[in-house]
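Data file: coords-v9.txt. Format and content: compact mmCIF, N, CA and C atoms.
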# COMPACT_ATOMS: atom_id res chain seq x y z
N MET A 8 67.63 100.55 110.64
CA MET A 8 68.96 100.54 111.20
C MET A 8 69.20 99.20 111.88
N ALA A 9 70.32 98.62 111.58
CA ALA A 9 70.67 97.35 112.20
C ALA A 9 71.20 97.59 113.61
N GLU A 10 70.92 96.66 114.47
CA GLU A 10 71.44 96.75 115.83
C GLU A 10 72.73 95.98 115.94
N ASN A 11 73.65 96.47 116.75
CA ASN A 11 74.91 95.77 116.96
C ASN A 11 74.64 94.42 117.60
N GLN A 12 75.28 93.40 117.05
CA GLN A 12 75.13 92.05 117.57
C GLN A 12 76.20 91.72 118.60
N PHE A 13 77.27 92.49 118.59
CA PHE A 13 78.40 92.22 119.46
C PHE A 13 78.72 93.48 120.25
N PRO A 14 79.27 93.34 121.45
CA PRO A 14 79.54 94.51 122.29
C PRO A 14 80.52 95.49 121.65
N VAL A 15 80.24 96.77 121.82
CA VAL A 15 81.15 97.82 121.37
C VAL A 15 82.13 98.09 122.51
N VAL A 16 83.41 98.18 122.18
CA VAL A 16 84.44 98.41 123.18
C VAL A 16 84.74 99.89 123.29
N PRO A 17 84.63 100.47 124.49
CA PRO A 17 84.99 101.88 124.63
C PRO A 17 86.49 102.07 124.41
N ILE A 18 86.88 103.28 124.04
CA ILE A 18 88.31 103.55 123.80
C ILE A 18 89.13 103.26 125.04
N SER A 19 88.62 103.63 126.19
CA SER A 19 89.33 103.41 127.44
C SER A 19 88.32 103.39 128.59
N ILE A 20 88.61 102.58 129.60
CA ILE A 20 87.81 102.59 130.82
C ILE A 20 88.78 102.47 132.00
N PRO A 21 88.38 102.92 133.17
CA PRO A 21 89.28 102.89 134.32
C PRO A 21 89.79 101.49 134.69
N ASP A 22 88.97 100.47 134.53
CA ASP A 22 89.38 99.10 134.85
C ASP A 22 90.16 98.52 133.66
N HIS A 23 91.49 98.60 133.72
CA HIS A 23 92.34 98.19 132.60
C HIS A 23 92.22 96.71 132.29
N SER A 24 92.04 95.89 133.30
CA SER A 24 91.89 94.45 133.08
C SER A 24 90.61 94.15 132.31
N LEU A 25 89.52 94.79 132.69
CA LEU A 25 88.26 94.61 131.99
C LEU A 25 88.37 95.14 130.56
N HIS A 26 89.04 96.27 130.40
CA HIS A 26 89.21 96.85 129.07
C HIS A 26 89.99 95.90 128.16
N LEU A 27 91.05 95.32 128.67
CA LEU A 27 91.84 94.37 127.90
C LEU A 27 91.00 93.15 127.51
N GLN A 28 90.16 92.69 128.42
CA GLN A 28 89.29 91.55 128.12
C GLN A 28 88.29 91.91 127.02
N LEU A 29 87.70 93.09 127.08
CA LEU A 29 86.75 93.53 126.05
C LEU A 29 87.43 93.67 124.69
N VAL A 30 88.63 94.24 124.68
CA VAL A 30 89.38 94.39 123.43
C VAL A 30 89.73 93.02 122.86
N SER A 31 90.16 92.10 123.70
CA SER A 31 90.51 90.74 123.25
C SER A 31 89.29 90.04 122.67
N ASN A 32 88.15 90.14 123.33
CA ASN A 32 86.92 89.52 122.83
C ASN A 32 86.52 90.11 121.48
N ALA A 33 86.61 91.44 121.36
CA ALA A 33 86.25 92.09 120.09
C ALA A 33 87.20 91.66 118.97
N LEU A 34 88.48 91.59 119.26
CA LEU A 34 89.46 91.17 118.26
C LEU A 34 89.23 89.72 117.85
N ASN A 35 88.99 88.85 118.81
CA ASN A 35 88.72 87.44 118.48
C ASN A 35 87.43 87.30 117.66
N ASN A 36 86.40 88.06 117.99
CA ASN A 36 85.17 88.05 117.19
C ASN A 36 85.46 88.49 115.75
N THR A 37 86.27 89.54 115.60
CA THR A 37 86.61 90.04 114.27
C THR A 37 87.37 88.99 113.47
N ILE A 38 88.32 88.33 114.10
CA ILE A 38 89.08 87.28 113.43
C ILE A 38 88.15 86.16 112.96
N ASN A 39 87.11 85.90 113.73
CA ASN A 39 86.15 84.84 113.39
C ASN A 39 85.01 85.33 112.49
N GLY A 40 85.13 86.55 111.96
CA GLY A 40 84.14 87.06 111.01
C GLY A 40 82.89 87.63 111.63
N LYS A 41 82.88 87.83 112.92
CA LYS A 41 81.70 88.37 113.60
C LYS A 41 81.88 89.88 113.75
N LEU A 42 81.28 90.61 112.81
CA LEU A 42 81.45 92.06 112.75
C LEU A 42 80.13 92.77 112.97
N ASN A 43 80.21 93.97 113.50
CA ASN A 43 79.02 94.82 113.67
C ASN A 43 78.85 95.70 112.44
N SER A 44 78.90 95.11 111.27
CA SER A 44 78.79 95.91 110.05
C SER A 44 77.71 95.40 109.11
N THR A 45 76.79 94.58 109.61
CA THR A 45 75.77 94.00 108.76
C THR A 45 74.39 94.54 109.08
N GLY A 46 73.48 94.37 108.15
CA GLY A 46 72.10 94.79 108.35
C GLY A 46 71.22 94.20 107.28
N SER A 47 69.97 94.64 107.25
CA SER A 47 68.99 94.16 106.29
C SER A 47 68.17 95.34 105.80
N VAL A 48 67.85 95.35 104.52
CA VAL A 48 67.04 96.42 103.95
C VAL A 48 66.06 95.81 102.95
N THR A 49 64.84 96.32 102.92
CA THR A 49 63.83 95.91 101.95
C THR A 49 63.55 97.09 101.04
N LEU A 50 63.66 96.86 99.73
CA LEU A 50 63.42 97.93 98.77
C LEU A 50 61.95 98.33 98.77
N ARG A 51 61.68 99.60 98.57
CA ARG A 51 60.31 100.10 98.53
C ARG A 51 59.62 99.59 97.27
N ALA A 52 58.43 99.07 97.43
CA ALA A 52 57.66 98.56 96.29
C ALA A 52 57.18 99.71 95.41
N SER A 53 57.18 99.48 94.11
CA SER A 53 56.68 100.43 93.11
C SER A 53 57.40 101.78 93.15
N GLN A 54 58.65 101.77 93.60
CA GLN A 54 59.48 102.98 93.66
C GLN A 54 60.82 102.67 92.99
N THR A 55 61.59 103.71 92.68
CA THR A 55 62.90 103.49 92.07
C THR A 55 64.06 103.86 93.00
N THR A 56 63.74 104.34 94.20
CA THR A 56 64.78 104.61 95.19
C THR A 56 64.31 104.15 96.57
N THR A 57 65.29 103.78 97.37
CA THR A 57 65.05 103.42 98.76
C THR A 57 66.17 104.07 99.58
N THR A 58 65.83 104.67 100.70
CA THR A 58 66.84 105.26 101.58
C THR A 58 67.25 104.24 102.63
N LEU A 59 68.54 104.00 102.69
CA LEU A 59 69.12 103.11 103.71
C LEU A 59 69.71 104.00 104.79
N THR A 60 69.21 103.87 106.01
CA THR A 60 69.71 104.65 107.14
C THR A 60 70.45 103.73 108.08
N ASP A 61 71.72 104.06 108.34
CA ASP A 61 72.56 103.24 109.20
C ASP A 61 73.69 104.13 109.71
N GLU A 62 73.88 104.20 111.03
CA GLU A 62 74.88 105.10 111.61
C GLU A 62 76.30 104.79 111.14
N ARG A 63 76.52 103.61 110.58
CA ARG A 63 77.86 103.22 110.15
C ARG A 63 78.19 103.67 108.73
N ILE A 64 77.24 104.25 108.03
CA ILE A 64 77.47 104.69 106.65
C ILE A 64 78.07 106.09 106.67
N GLY A 65 79.07 106.29 105.81
CA GLY A 65 79.69 107.59 105.61
C GLY A 65 79.87 107.84 104.13
N GLY A 66 80.35 109.01 103.79
CA GLY A 66 80.51 109.39 102.39
C GLY A 66 81.47 108.52 101.61
N ASN A 67 82.38 107.81 102.28
CA ASN A 67 83.34 106.96 101.60
C ASN A 67 83.10 105.47 101.85
N SER A 68 81.99 105.13 102.44
CA SER A 68 81.70 103.72 102.74
C SER A 68 81.48 102.92 101.47
N VAL A 69 81.82 101.64 101.55
CA VAL A 69 81.45 100.67 100.52
C VAL A 69 80.33 99.84 101.12
N ILE A 70 79.24 99.68 100.37
CA ILE A 70 78.09 98.93 100.85
C ILE A 70 77.88 97.75 99.90
N LEU A 71 77.93 96.55 100.44
CA LEU A 71 77.79 95.32 99.66
C LEU A 71 76.44 94.69 99.97
N PHE A 72 75.79 94.13 98.95
CA PHE A 72 74.45 93.57 99.10
C PHE A 72 74.39 92.08 98.77
N MET A 73 73.51 91.37 99.47
CA MET A 73 73.24 89.96 99.21
C MET A 73 71.73 89.77 99.21
N PRO A 74 71.14 89.34 98.08
CA PRO A 74 69.69 89.11 98.07
C PRO A 74 69.33 87.97 99.02
N THR A 75 68.27 88.15 99.80
CA THR A 75 67.84 87.10 100.74
C THR A 75 66.45 86.58 100.42
N THR A 76 65.86 87.08 99.33
CA THR A 76 64.57 86.56 98.86
C THR A 76 64.66 86.38 97.35
N ALA A 77 63.77 85.56 96.79
CA ALA A 77 63.77 85.33 95.34
C ALA A 77 63.51 86.63 94.58
N ASN A 78 62.61 87.46 95.07
CA ASN A 78 62.33 88.72 94.38
C ASN A 78 63.50 89.69 94.46
N ALA A 79 64.25 89.66 95.54
CA ALA A 79 65.46 90.48 95.62
C ALA A 79 66.49 89.97 94.62
N ASN A 80 66.59 88.67 94.48
CA ASN A 80 67.56 88.09 93.55
C ASN A 80 67.27 88.54 92.11
N SER A 81 66.00 88.68 91.76
CA SER A 81 65.65 89.11 90.41
C SER A 81 65.88 90.61 90.21
N THR A 82 66.04 91.36 91.28
CA THR A 82 66.25 92.81 91.21
C THR A 82 67.72 93.19 91.34
N LYS A 83 68.56 92.27 91.78
CA LYS A 83 69.94 92.63 92.15
C LYS A 83 70.73 93.29 91.03
N SER A 84 70.46 92.95 89.77
CA SER A 84 71.26 93.54 88.69
C SER A 84 70.97 95.02 88.49
N SER A 85 69.82 95.51 88.98
CA SER A 85 69.50 96.94 88.81
C SER A 85 69.79 97.75 90.07
N LEU A 86 70.20 97.11 91.15
CA LEU A 86 70.44 97.82 92.42
C LEU A 86 71.82 98.44 92.45
N TYR A 87 71.88 99.73 92.78
CA TYR A 87 73.18 100.37 93.01
C TYR A 87 73.02 101.52 94.01
N VAL A 88 74.13 101.92 94.59
CA VAL A 88 74.15 103.02 95.56
C VAL A 88 74.40 104.30 94.76
N SER A 89 73.41 105.17 94.70
CA SER A 89 73.54 106.40 93.91
C SER A 89 74.02 107.60 94.71
N ALA A 90 73.97 107.51 96.05
CA ALA A 90 74.46 108.61 96.90
C ALA A 90 74.77 108.07 98.29
N ARG A 91 75.81 108.65 98.92
CA ARG A 91 76.18 108.31 100.30
C ARG A 91 76.47 109.59 101.07
N ALA A 92 76.10 109.59 102.32
CA ALA A 92 76.41 110.69 103.22
C ALA A 92 76.48 110.09 104.62
N ASP A 93 76.76 110.93 105.64
CA ASP A 93 76.82 110.41 107.00
C ASP A 93 75.47 109.80 107.38
N LYS A 94 75.49 108.53 107.72
CA LYS A 94 74.35 107.77 108.24
C LYS A 94 73.26 107.44 107.22
N THR A 95 73.49 107.68 105.93
CA THR A 95 72.45 107.40 104.94
C THR A 95 73.04 107.10 103.57
N ALA A 96 72.31 106.31 102.81
CA ALA A 96 72.66 106.03 101.42
C ALA A 96 71.36 105.93 100.62
N THR A 97 71.43 106.38 99.38
CA THR A 97 70.28 106.24 98.48
C THR A 97 70.54 105.06 97.57
N LEU A 98 69.60 104.10 97.59
CA LEU A 98 69.68 102.93 96.74
C LEU A 98 68.76 103.16 95.55
N THR A 99 69.28 103.02 94.36
CA THR A 99 68.48 103.16 93.15
C THR A 99 68.29 101.78 92.55
N HIS A 100 67.06 101.52 92.09
CA HIS A 100 66.71 100.18 91.62
C HIS A 100 65.52 100.26 90.69
N ALA A 101 65.25 99.17 90.00
CA ALA A 101 64.08 99.11 89.11
C ALA A 101 62.81 99.12 89.96
N SER A 102 61.75 99.69 89.40
CA SER A 102 60.46 99.69 90.08
C SER A 102 59.83 98.31 89.98
N SER A 103 59.33 97.83 91.10
CA SER A 103 58.68 96.52 91.15
C SER A 103 57.59 96.57 92.21
N GLY A 104 56.49 95.90 91.94
CA GLY A 104 55.39 95.85 92.91
C GLY A 104 55.65 94.88 94.05
N ASN A 105 56.72 94.11 93.96
CA ASN A 105 57.03 93.13 95.01
C ASN A 105 57.39 93.82 96.32
N THR A 106 56.85 93.33 97.41
CA THR A 106 57.10 93.94 98.73
C THR A 106 58.16 93.19 99.52
N ASP A 107 58.74 92.15 98.94
CA ASP A 107 59.71 91.34 99.68
C ASP A 107 61.09 91.32 99.01
N GLN A 108 61.50 92.44 98.46
CA GLN A 108 62.83 92.55 97.86
C GLN A 108 63.83 92.89 98.97
N THR A 109 64.22 91.88 99.73
CA THR A 109 65.03 92.09 100.92
C THR A 109 66.48 91.66 100.67
N PHE A 110 67.39 92.51 101.12
CA PHE A 110 68.82 92.27 100.97
C PHE A 110 69.50 92.34 102.33
N GLY A 111 70.48 91.49 102.55
CA GLY A 111 71.42 91.68 103.64
C GLY A 111 72.50 92.60 103.11
N TYR A 112 73.11 93.38 103.98
CA TYR A 112 74.18 94.26 103.52
C TYR A 112 75.31 94.34 104.54
N VAL A 113 76.47 94.77 104.05
CA VAL A 113 77.65 95.00 104.87
C VAL A 113 78.15 96.40 104.56
N VAL A 114 78.47 97.17 105.59
CA VAL A 114 79.05 98.51 105.43
C VAL A 114 80.52 98.42 105.83
N VAL A 115 81.39 98.89 104.94
CA VAL A 115 82.83 98.86 105.21
C VAL A 115 83.40 100.25 104.96
N GLY A 116 84.26 100.70 105.85
CA GLY A 116 85.06 101.88 105.55
C GLY A 116 84.60 103.21 106.05
N TRP A 117 83.99 103.29 107.21
CA TRP A 117 83.68 104.59 107.79
C TRP A 117 84.13 104.58 109.23
N LEU A 118 84.99 105.50 109.59
CA LEU A 118 85.48 105.60 110.96
C LEU A 118 84.48 106.36 111.80
N ARG A 119 84.01 105.71 112.85
CA ARG A 119 83.08 106.34 113.77
C ARG A 119 83.76 107.51 114.47
N LYS A 120 83.05 108.58 114.65
CA LYS A 120 83.59 109.72 115.37
C LYS A 120 83.51 109.43 116.86
N TYR A 121 84.65 109.48 117.52
CA TYR A 121 84.72 109.14 118.92
C TYR A 121 84.38 110.34 119.79
N PRO A 122 83.84 110.09 120.96
CA PRO A 122 83.55 111.20 121.89
C PRO A 122 84.86 111.85 122.33
N LYS A 123 84.77 113.11 122.69
CA LYS A 123 85.98 113.84 123.10
C LYS A 123 86.50 113.37 124.45
N LYS A 124 85.63 112.88 125.32
CA LYS A 124 86.06 112.48 126.66
C LYS A 124 86.71 111.10 126.59
N ILE A 125 87.95 111.03 127.02
CA ILE A 125 88.70 109.78 127.04
C ILE A 125 89.02 109.45 128.51
N TYR A 126 88.71 108.23 128.92
CA TYR A 126 89.00 107.82 130.29
C TYR A 126 90.40 107.25 130.35
N ILE A 127 91.13 107.65 131.35
CA ILE A 127 92.50 107.11 131.52
C ILE A 127 92.65 106.54 132.91
How does this structure look as structure tokens?
Amino acid sequence: MAENQFPVVPISIPDHSLHLQLVSNALNNTINGKLNSTGSVTLRASQTTTTLTDERIGGNSVILFMPTTANANSTKSSLYVSARADKTATLTHASSGNTDQTFGYVVVGWLRKYPKKIYI
């Protein structure tokens, strides 16, 4: 699971000035391409599936991959997402004994479920 690189903004907090500052910072980061939607995954060696676990994945998410090693680059044509569910995806790929088939990924399109308690 990838860790967030940028602060998450709560829906609301009692200090409205601070909340506005946090929202502005998050929006400016987004405009500059700094998103909390990236991670890294290494395919399992000598297997044909790898489970990707990430809280941002949902049943309708789109997951994009970028090979970050030479062995990942040689595997990229066989890599696809064969199943998606809340917080997990199954990656199907060719079997290879290489242990460094590492990809960067981006998850797009899943709305996080917000807590019921809203501060006003």
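Between Val115 (chain A) and the residues A:Ser103, A:Thr55, A:Thr45, A:Thr82, the shortest atom-to-atom distance, using only C-alpha atoms, involves A:Thr45.
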Worksheet item: Which distance in Å separates CA of Phe72 (chain A) and CA of Ser84 (chain A), to one decimal?
Response: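 About the pair CA of Phe72 (chain A) and CA of Ser84 (chain A): they are 10.9 Å apart.
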Practice prompt. Taking (85.1, 101.9, 100.3) in the file's own coordinates, collect the residues within 6 Å, counting only N, CA and C atoms, and hand them back as a list in words.
Written response: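 Neighbouring residues, ordered by chain and number, come to Asn67, Ser68, Val69, Val115 and Gly116 of chain A.
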Worksheet item: Nearest to Thr49 (chain A): which of A:Thr106, A:Val113, A:Lys94, A:Leu71 is it, counting only N, CA and C atoms?
Response: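 Nearest to Thr49 (chain A): A:Thr106.
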Worksheet item: Neighbours of region 73-77 of chain A within 8 Å (all atoms listed in the file; same-chain residues fewer than 3 positions away dropped), as a PyMOL selection string?
Response: chain A and resi 70+80-83+107-113
Worksheet item: Which distance in Å separates CA of Ser102 (chain A) and atom N of Ser47 (chain A), to one decimal?
Response: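 It comes out at 20.3 Å.
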Worksheet item: Distance atom C of Gln54 (chain A)-CA of Arg91 (chain A), one decimal place?
Response: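 Taking atom C of Gln54 (chain A) as the start and CA of Arg91 (chain A) as the end point, the length is 17.9 Å.
Assigned to strand (DSSP E) in region 82-111 of chain A, given DSSP computed from backbone atoms, are Tyr87, Val88, Ser89, Ala90, Arg91, Ala92, Thr95, Ala96, Thr97, Leu98, Thr99, Thr109, Phe110 and Gly111 of chain A.
Nearest residue to Leu42 (chain A) among A:Asn78, A:Ser24, A:Val114, A:Ser89 is A:Val114, counting only C-alpha atoms.
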Worksheet item: A:Ser44, A:Thr95, A:Ser85, A:Thr37: which is nearest Gly65 (chain A), counting only N, CA and C atoms?
Response: A:Thr95
Fill in: Top pick for closest residue to Ala33 (chain A), considering A:Val48, A:Tyr87, A:Phe13, A:Asn105 and counting only N, CA and C atoms
A:Phe13
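Closest to Asn32 (chain A) among A:Val88, A:Ala52, A:Val16, A:Ala96 is A:Val16, based on only C-alpha atoms.
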Item to complete: Would you kindly identify which residues have an atom no farther than 8 Å from (72.9, 105.2, 110.2), using only C-alpha atoms and the file's own coordinates, and write them out as JSON, numbers by chain?
Response: {"A": [8, 59, 60, 61, 62, 63, 64, 93, 94, 95]}
Using N, CA and C atoms, can you export the residues from the last selection as a PDB file, keeping the file's coordinate frame?
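Final file, again-v9.pdb:
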ATOM      1  N   MET A   8      67.630 100.550 110.640  1.00  0.00           N
ATOM      2  CA  MET A   8      68.960 100.540 111.200  1.00  0.00           C
ATOM      3  C   MET A   8      69.200  99.200 111.880  1.00  0.00           C
ATOM      4  N   LEU A  59      68.540 104.000 102.690  1.00  0.00           N
ATOM      5  CA  LEU A  59      69.120 103.110 103.710  1.00  0.00           C
ATOM      6  C   LEU A  59      69.710 104.000 104.790  1.00  0.00           C
ATOM      7  N   THR A  60      69.210 103.870 106.010  1.00  0.00           N
ATOM      8  CA  THR A  60      69.710 104.650 107.140  1.00  0.00           C
ATOM      9  C   THR A  60      70.450 103.730 108.080  1.00  0.00           C
ATOM     10  N   ASP A  61      71.720 104.060 108.340  1.00  0.00           N
ATOM     11  CA  ASP A  61      72.560 103.240 109.200  1.00  0.00           C
ATOM     12  C   ASP A  61      73.690 104.130 109.710  1.00  0.00           C
ATOM     13  N   GLU A  62      73.880 104.200 111.030  1.00  0.00           N
ATOM     14  CA  GLU A  62      74.880 105.100 111.610  1.00  0.00           C
ATOM     15  C   GLU A  62      76.300 104.790 111.140  1.00  0.00           C
ATOM     16  N   ARG A  63      76.520 103.610 110.580  1.00  0.00           N
ATOM     17  CA  ARG A  63      77.860 103.220 110.150  1.00  0.00           C
ATOM     18  C   ARG A  63      78.190 103.670 108.730  1.00  0.00           C
ATOM     19  N   ILE A  64      77.240 104.250 108.030  1.00  0.00           N
ATOM     20  CA  ILE A  64      77.470 104.690 106.650  1.00  0.00           C
ATOM     21  C   ILE A  64      78.070 106.090 106.670  1.00  0.00           C
ATOM     22  N   ASP A  93      76.760 110.930 105.640  1.00  0.00           N
ATOM     23  CA  ASP A  93      76.820 110.410 107.000  1.00  0.00           C
ATOM     24  C   ASP A  93      75.470 109.800 107.380  1.00  0.00           C
ATOM     25  N   LYS A  94      75.490 108.530 107.720  1.00  0.00           N
ATOM     26  CA  LYS A  94      74.350 107.770 108.240  1.00  0.00           C
ATOM     27  C   LYS A  94      73.260 107.440 107.220  1.00  0.00           C
ATOM     28  N   THR A  95      73.490 107.680 105.930  1.00  0.00           N
ATOM     29  CA  THR A  95      72.450 107.400 104.940  1.00  0.00           C
ATOM     30  C   THR A  95      73.040 107.100 103.570  1.00  0.00           C
TER      31      THR A  95
END
